[in-house]
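For reference, target-v9.pdb (PDB, C-alpha atoms):
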```pdb
ATOM      1  CA  MET K   2     -24.738  12.328 -12.520  1.00  0.00           C
ATOM      2  CA  ASN K   3     -22.105   9.747 -11.624  1.00  0.00           C
ATOM      3  CA  PRO K   4     -18.773  11.319 -10.487  1.00  0.00           C
ATOM      4  CA  PHE K   5     -16.777   8.830 -12.582  1.00  0.00           C
ATOM      5  CA  TYR K   6     -18.809   9.753 -15.663  1.00  0.00           C
ATOM      6  CA  GLN K   7     -18.115  13.444 -15.001  1.00  0.00           C
ATOM      7  CA  LEU K   8     -14.386  12.736 -14.700  1.00  0.00           C
ATOM      8  CA  LEU K   9     -14.391  10.729 -17.921  1.00  0.00           C
ATOM      9  CA  MET K  10     -16.280  13.439 -19.822  1.00  0.00           C
ATOM     10  CA  GLY K  11     -13.891  16.124 -18.533  1.00  0.00           C
ATOM     11  CA  TYR K  12     -10.893  14.003 -19.540  1.00  0.00           C
ATOM     12  CA  SER K  13     -12.311  13.395 -23.007  1.00  0.00           C
ATOM     13  CA  MET K  14     -13.178  17.063 -23.501  1.00  0.00           C
ATOM     14  CA  SER K  15      -9.717  18.189 -22.394  1.00  0.00           C
ATOM     15  CA  ARG K  16      -7.973  15.772 -24.749  1.00  0.00           C
ATOM     16  CA  GLY K  17     -10.136  17.009 -27.609  1.00  0.00           C
ATOM     17  CA  GLU K  18      -9.430  20.652 -26.847  1.00  0.00           C
ATOM     18  CA  LEU K  19      -5.695  19.920 -26.795  1.00  0.00           C
ATOM     19  CA  GLY K  20      -5.948  18.086 -30.118  1.00  0.00           C
ATOM     20  CA  LEU K  21      -4.549  14.845 -28.669  1.00  0.00           C
ATOM     21  CA  GLN K  22      -5.171  11.601 -30.526  1.00  0.00           C
ATOM     22  CA  LEU K  23      -6.726   8.617 -28.769  1.00  0.00           C
ATOM     23  CA  THR K  24      -4.335   5.925 -27.582  1.00  0.00           C
ATOM     24  CA  GLN K  25      -4.749   2.363 -28.865  1.00  0.00           C
ATOM     25  CA  GLN K  26      -6.272   1.359 -25.504  1.00  0.00           C
ATOM     26  CA  GLU K  27      -8.777   4.223 -25.665  1.00  0.00           C
ATOM     27  CA  LYS K  28      -9.790   3.210 -29.195  1.00  0.00           C
ATOM     28  CA  GLN K  29     -10.345  -0.369 -28.032  1.00  0.00           C
ATOM     29  CA  PHE K  30     -12.286   0.765 -24.954  1.00  0.00           C
ATOM     30  CA  ALA K  31     -14.533   2.929 -27.125  1.00  0.00           C
ATOM     31  CA  GLN K  32     -15.813  -0.309 -28.715  1.00  0.00           C
ATOM     32  CA  PHE K  33     -16.528  -1.987 -25.353  1.00  0.00           C
ATOM     33  CA  GLN K  34     -20.164  -0.900 -24.998  1.00  0.00           C
ATOM     34  CA  LYS K  35     -20.986  -2.099 -28.522  1.00  0.00           C
ATOM     35  CA  TRP K  36     -19.272  -5.426 -27.779  1.00  0.00           C
ATOM     36  CA  ILE K  37     -21.085  -5.997 -24.460  1.00  0.00           C
ATOM     37  CA  GLN K  38     -24.434  -5.065 -25.994  1.00  0.00           C
ATOM     38  CA  GLY K  39     -23.840  -7.622 -28.746  1.00  0.00           C
ATOM     39  CA  LYS K  40     -22.929 -10.309 -26.213  1.00  0.00           C
ATOM     40  CA  LYS K  41     -25.983  -9.551 -24.061  1.00  0.00           C
ATOM     41  CA  SER K  42     -28.385  -8.778 -26.929  1.00  0.00           C
ATOM     42  CA  CYS K  43     -29.115  -5.385 -25.432  1.00  0.00           C
ATOM     43  CA  SER K  44     -29.906  -2.096 -27.151  1.00  0.00           C
ATOM     44  CA  SER K  45     -29.970   0.093 -24.039  1.00  0.00           C
ATOM     45  CA  SER K  46     -27.206   2.666 -23.491  1.00  0.00           C
ATOM     46  CA  ASP K  47     -27.392   1.782 -19.774  1.00  0.00           C
ATOM     47  CA  ILE K  48     -25.392  -1.460 -19.522  1.00  0.00           C
ATOM     48  CA  ALA K  49     -26.667  -1.972 -15.955  1.00  0.00           C
ATOM     49  CA  VAL K  50     -30.119  -2.893 -17.316  1.00  0.00           C
ATOM     50  CA  CYS K  51     -28.804  -5.458 -19.819  1.00  0.00           C
ATOM     51  CA  THR K  52     -29.424  -9.087 -18.904  1.00  0.00           C
TER
END
```
Take the structure in the file and write it out as structure tokens.
Amino acid sequence: MNPFYQLLMGYSMSRGELGLQLTQQEKQFAQFQKWIQGKKSCSSSDIAVCT
């Protein structure tokens, strides 16, 4: 598992456990994968394989 992914999951879990709301930037970033998949016509969850 990618160390950055582990850090991100830990961060997200901690925020949830503390009951913190997402910031505006985090809400926008959450839509990034959907946006890039639409631009690249890709349905994979692994953006690295999208062409």
Could you tell me how far CA of Ile37 (chain K) sits from CA of Tyr12 (chain K), in Å to one decimal place?
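Computed distance, CA of Tyr12 (chain K) to CA of Ile37 (chain K), equals 23.0 Å.
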What does the structure give for the distance between CA of Met2 (chain K) and CA of Gly39 (chain K), in Å to one decimal?
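Between CA of Met2 (chain K) and CA of Gly39 (chain K) the gap works out to 25.7 Å.
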At a cut-off of 12 Å from (-13.9, 10.7, -22.6) in the coordinates of the file, what residues are picked up using only C-alpha atoms, written as a PyMOL selection string?
chain K and resi 5-18+21-24+27-28+30-31
